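In what follows, a structure is listed as structure tokens, so that the remarks can point back to it.
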Amino acid sequence: MSDLVAPKGTFDVLPPDSARFLAVRETLTAPLRRAGYGYVETPVFEDTAVFARGVGESTDVVSKEMYSFTDKGGRSLTLRPELTAGLMRAFIEHRLYAGALPVKLWSVGSAFRYERPQAGRYRHFTQVDVEALGVDDPALDAELVALADQGYRDLGLTDYELQLTSLGDATCRPQYRELLTDFLSRLDLDEDTRRRAQINPLRVLDDKRPDVQAQLVDAPLMVDHLSDTTRAHYDAVRQHLTDLGVSWVEAPRLVRGLDYYTKTTFEFVHHRLGSQSGIGGGGRYDGLSAALGGPDVSGIGYAVGVDRTILAVQAEGLDIAVEPGVQAFVVPLGAQAKSLAVTIVGQLRAAGVSADTVYGDRGLKGAMKAADRSGAGQVVVIGDRDLAAGVGQLKTMATGEQVAVPLGELVDRVRATVLP
RNA sequence: GUGGGUGUAGCUCAGCUGGUAGAGCGCCAGGUUGUGAUCCUGGAUGUCGCGGGUUCAAGUCCCGUCACUCACCCCA
């Protein structure tokens with residue numbers, strides 16, 4: 001084998017599995033298009049400052065997981081570790097905030113983080129990203145959450161839950177943070193955790209270790225210390241979700257690793273995925289636009305991990321999008337028939353029928369085997385004997401029946417049989 | 001960054017206490033010089049992850065290394 005392999009933590013998506021990848025991406029994004037969200041593409045790399053200022057210097061993502069490099073012009077660029085900051089940068093750069101609000105956008109694409117690979121965690125992964133910018137309305141929070149949920153349900157997923165909480169805002173979070181810091185300072189924690197408590201005390205709350213959790217049972221929770229406006233916002237979001245028929249569980253210890261989240265915060269957790277169980281998540285962010293030099297507007301968004309969602313689909317045994325193959329196949333015998341076969345295949349395709357033929361030297365048996373594998377229901381066999389008679393043999397694979405059809409009528413006949 | 005497991009054919013894996021590499025599936029061909037999916041027969045494909053050591057002899061034992069994988073951490 002060659003010593004050239006896909007980089008650590010990356011993988012290739014190949015047929016037939018790639019059909020599942022396309023189908024999942026399509027199903028997850030269809031609800032967004034139905035809800036009036038517009039498609040956006042932004043660069044895969046951005047000025048490093050977009051993420052440093054947007055995602056937050058204190059986050060693990062920025063402080064140790066970014067693929068940053070200096071280009072030949074001396075610019076510091078970074079492969080995007082998530083899509084939200086780049087979309088927000090575009091929102092500001094093109095002054096979309098000056099138009100009708102909210103601005104509803106979606107995107108899908110690659111993101112990169114330098115992490116230790118694990119089940120469901122890759123250095124290159126694909127996210128569907130959705131943002132509704134410029135309006136702070138709990139109904140909009142609920143819409144986004146419901147759209148994410150709809151995507152999962154359309155895939156047939158059932159063994160997951162929506163975890164929901166509120167992270168407060170600029171007025172109540174600092175107060176709560178002090179309370180929590182004070183509480184944590186009295187606990188018996190290892191040095192790593194202590195350091196984490198200083199950088200972002202909220203993150204200690206979702207530590208998975210039992211001994212840590214045991215100490216946290218009496219920890220103060222953000223939801224108990226929300227300001228009146230934040231409380232009202234959160235209550236309204238939950239009421240809207242109920243009205244939309246979306247179920248959730250309260251997750252007062254839910255934390256997000258990105259600094260910009262405020263108020264509504266949520267995560268979809270799948271139950272059969274091992275430790276990387278979050279298949280999507282997001283929340284509202286009040287400070288992100290301003291942090292990137294834009295106007296002080298609020299926004300809400302979420303990201304769905306396409307790769308993890310595929311793992312969830314497989315874990316639930318949902319057989320999505322088996323490769324359909326082609327509808328028709330042409331088997332030529334001899335050089336003369338071969339050029340006719342190429343022509344017929346071209347005509348079939350132009351007529352909207354998916355079709356294929358054999359390439360390379362194959363005997364009839366091998367060619368029929370290829371026809372079988374192609375999934376074609378209708379197979380045209382043309383040999384010298386048929387050419388002399390001016391016909392092709394049209395075979396229905398399921399029944400084995402075969403009839404002679406005049407060459408001039410073959411394409412129409414196949415199309416009539418195959419297309420509704 | 002820390003810890004556990006695993007590396008043998010395209011895939012899934014077997015290979016006992018060291019004796020010179022196998023099965024099933026898949027692929028190709030023949031049986032059927034004009035017919036697939038079944039059946040029968042045959043064939044191709046391996047630096048046994050890599051490097052070093054012990055030994056007459058290493059897939060097997062020892063050391064190192066890399067990769068994959070799972071968990072912590074982190075998060076989609």
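Following the order of the structure tokens, chains are lettered A, B, ..., residues in each are numbered from 1, and ligands are numbered from 1.
The part of chain A that reaches within 6 Å of chain B is made up of Ile279, Gly280, Val304, Gly305, Met368, Lys369 and Asp372 of chain A, counting only C-alpha atoms (C1' of nucleotides).
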Residues near segment 16-25 of chain A, anyone? I mean within 9 Å using only C-alpha atoms (C1' of nucleotides), not counting same-chain ones fewer than 2 positions away, as a short mmCIF file (atom, residue, chain, number, x, y, z; two decimals) with N, CA and C atoms, in the first residue's frame.
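Result file out.cif:
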data_model
loop_
_atom_site.label_atom_id
_atom_site.label_comp_id
_atom_site.auth_asym_id
_atom_site.auth_seq_id
_atom_site.Cartn_x
_atom_site.Cartn_y
_atom_site.Cartn_z
N VAL A 13 -15.53 9.57 2.14
CA VAL A 13 -16.90 9.08 1.99
C VAL A 13 -17.02 8.50 0.59
N LEU A 14 -17.22 7.19 0.51
CA LEU A 14 -17.20 6.51 -0.78
C LEU A 14 -18.55 5.84 -1.08
N THR A 27 -32.01 15.83 3.76
CA THR A 27 -33.15 15.76 4.68
C THR A 27 -33.02 16.78 5.81
N LEU A 28 -31.81 16.98 6.27
CA LEU A 28 -31.61 17.94 7.36
C LEU A 28 -31.85 19.38 6.92
N THR A 29 -31.61 19.66 5.65
CA THR A 29 -31.71 21.05 5.20
C THR A 29 -33.05 21.40 4.56
N ALA A 30 -33.82 20.37 4.18
CA ALA A 30 -35.11 20.64 3.54
C ALA A 30 -36.03 21.52 4.40
N VAL A 108 -23.88 24.82 4.74
CA VAL A 108 -23.41 23.48 5.07
C VAL A 108 -21.99 23.37 4.53
N VAL A 128 -24.18 21.32 9.23
CA VAL A 128 -25.23 22.16 8.69
C VAL A 128 -25.41 23.28 9.69
N GLY A 151 -35.75 18.07 11.14
CA GLY A 151 -34.76 17.38 10.32
C GLY A 151 -34.48 15.99 10.85
N LEU A 155 -35.61 12.16 9.23
CA LEU A 155 -34.68 11.06 8.99
C LEU A 155 -35.17 9.77 9.63
N VAL A 306 -23.26 16.59 10.65
CA VAL A 306 -23.77 15.66 9.64
C VAL A 306 -23.20 14.26 9.87
N ASP A 307 -21.90 14.19 10.15
CA ASP A 307 -21.26 12.88 10.33
C ASP A 307 -21.86 12.14 11.53
N THR A 309 -24.80 12.65 12.81
CA THR A 309 -26.18 12.31 12.51
C THR A 309 -26.24 11.02 11.69
N ILE A 310 -25.28 10.85 10.79
CA ILE A 310 -25.21 9.61 10.02
C ILE A 310 -24.94 8.44 10.95
N VAL A 313 -28.16 7.64 12.56
CA VAL A 313 -29.04 6.95 11.62
C VAL A 313 -28.67 5.46 11.55
N ASP A 319 -32.38 2.43 7.31
CA ASP A 319 -31.70 2.24 6.04
C ASP A 319 -32.11 3.33 5.08
N ILE A 320 -31.29 4.36 5.05
CA ILE A 320 -31.61 5.52 4.25
C ILE A 320 -30.85 5.49 2.94
N ALA A 321 -31.57 5.70 1.84
CA ALA A 321 -30.93 5.89 0.54
C ALA A 321 -29.92 4.82 0.17
N VAL A 322 -30.37 3.65 -0.10
CA VAL A 322 -29.49 2.67 -0.71
C VAL A 322 -29.26 3.13 -2.14
N GLU A 323 -28.06 2.95 -2.61
CA GLU A 323 -27.71 3.40 -3.96
C GLU A 323 -28.70 2.84 -4.97
N PRO A 324 -29.39 3.69 -5.69
CA PRO A 324 -30.44 3.22 -6.58
C PRO A 324 -29.92 2.56 -7.85
#
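The neighbours of G18 of chain B here are the residues that come within 9 Å of it, using only C-alpha atoms (C1' of nucleotides) and leaving out any residue fewer than 2 positions away in the same chain; they are B:U55, B:A57, B:A58, B:U60, B:C61.
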Write out as a PyMOL selection string each polymer residue whose atoms come within 8 Å of segment 225-239 of chain A, counting only C-alpha atoms (C1' of nucleotides); drop sequence neighbours fewer than 2 positions from it.
chain A and resi 137-139+141-142+165-166+168-169+171-173+176+221-223+241-243+263-264
Interatomic distance (Å, one decimal) between atom CA of Tyr114 of chain A and atom C1' of U65 of chain B:
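Atom C1' of U65 of chain B lies 22.1 Å from atom CA of Tyr114 of chain A.
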If DSSP is run on the backbone, what residues of segment 284-354 of chain A are strand (DSSP E or B)? A reply as a ChimeraX atom specification would be ideal.
/A:284-285,299-305,328-332
Can you tell me which residues surround segment 386-392 of chain A at a distance of at most 8 Å, considering only C-alpha atoms (C1' of nucleotides), apart from same-chain residues fewer than 4 positions away, and format the answer as JSON, numbers by chain?
{"A": [337, 380, 381, 382, 404, 405, 406, 407, 410]}
Restricting it to N, CA, C and O atoms, dump the selection as an mmCIF file, in the first residue's frame.
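In the end it all went to out_23.cif:
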data_model
loop_
_atom_site.group_PDB
_atom_site.id
_atom_site.type_symbol
_atom_site.label_atom_id
_atom_site.label_comp_id
_atom_site.auth_asym_id
_atom_site.auth_seq_id
_atom_site.Cartn_x
_atom_site.Cartn_y
_atom_site.Cartn_z
ATOM 1 N N ALA A 337 -21.760 -3.356 -32.566
ATOM 2 C CA ALA A 337 -22.804 -3.172 -31.557
ATOM 3 C C ALA A 337 -22.343 -2.219 -30.469
ATOM 4 O O ALA A 337 -23.128 -1.466 -29.908
ATOM 5 N N VAL A 380 -30.787 -4.031 -22.499
ATOM 6 C CA VAL A 380 -30.820 -4.191 -23.958
ATOM 7 C C VAL A 380 -29.575 -4.967 -24.376
ATOM 8 O O VAL A 380 -28.460 -4.573 -24.046
ATOM 9 N N VAL A 381 -29.772 -6.088 -25.072
ATOM 10 C CA VAL A 381 -28.649 -6.871 -25.586
ATOM 11 C C VAL A 381 -28.641 -6.754 -27.110
ATOM 12 O O VAL A 381 -29.650 -6.993 -27.761
ATOM 13 N N ILE A 382 -27.486 -6.348 -27.640
ATOM 14 C CA ILE A 382 -27.378 -6.213 -29.094
ATOM 15 C C ILE A 382 -26.140 -6.933 -29.600
ATOM 16 O O ILE A 382 -25.018 -6.616 -29.190
ATOM 17 N N ALA A 404 -37.671 -9.115 -28.829
ATOM 18 C CA ALA A 404 -36.948 -8.377 -29.864
ATOM 19 C C ALA A 404 -37.687 -7.085 -30.161
ATOM 20 O O ALA A 404 -38.905 -7.105 -30.357
ATOM 21 N N VAL A 405 -36.952 -5.963 -30.168
ATOM 22 C CA VAL A 405 -37.544 -4.659 -30.441
ATOM 23 C C VAL A 405 -36.741 -3.998 -31.563
ATOM 24 O O VAL A 405 -35.518 -3.992 -31.514
ATOM 25 N N PRO A 406 -37.426 -3.461 -32.565
ATOM 26 C CA PRO A 406 -36.701 -2.769 -33.641
ATOM 27 C C PRO A 406 -35.771 -1.701 -33.067
ATOM 28 O O PRO A 406 -36.154 -0.981 -32.132
ATOM 29 N N LEU A 407 -34.575 -1.596 -33.623
ATOM 30 C CA LEU A 407 -33.568 -0.681 -33.092
ATOM 31 C C LEU A 407 -34.100 0.736 -32.917
ATOM 32 O O LEU A 407 -33.833 1.393 -31.916
ATOM 33 N N LEU A 410 -36.131 1.229 -29.639
ATOM 34 C CA LEU A 410 -35.584 0.795 -28.344
ATOM 35 C C LEU A 410 -35.650 1.872 -27.259
ATOM 36 O O LEU A 410 -36.128 1.626 -26.147
#
If we count only C-alpha atoms (C1' of nucleotides) and set the cut-off at 12 Å, which residues sit around C40 of chain B, ignoring sequence neighbours fewer than 2 positions away in its own chain? Please answer as a PyMOL selection string.
chain B and resi 30-31+38+42
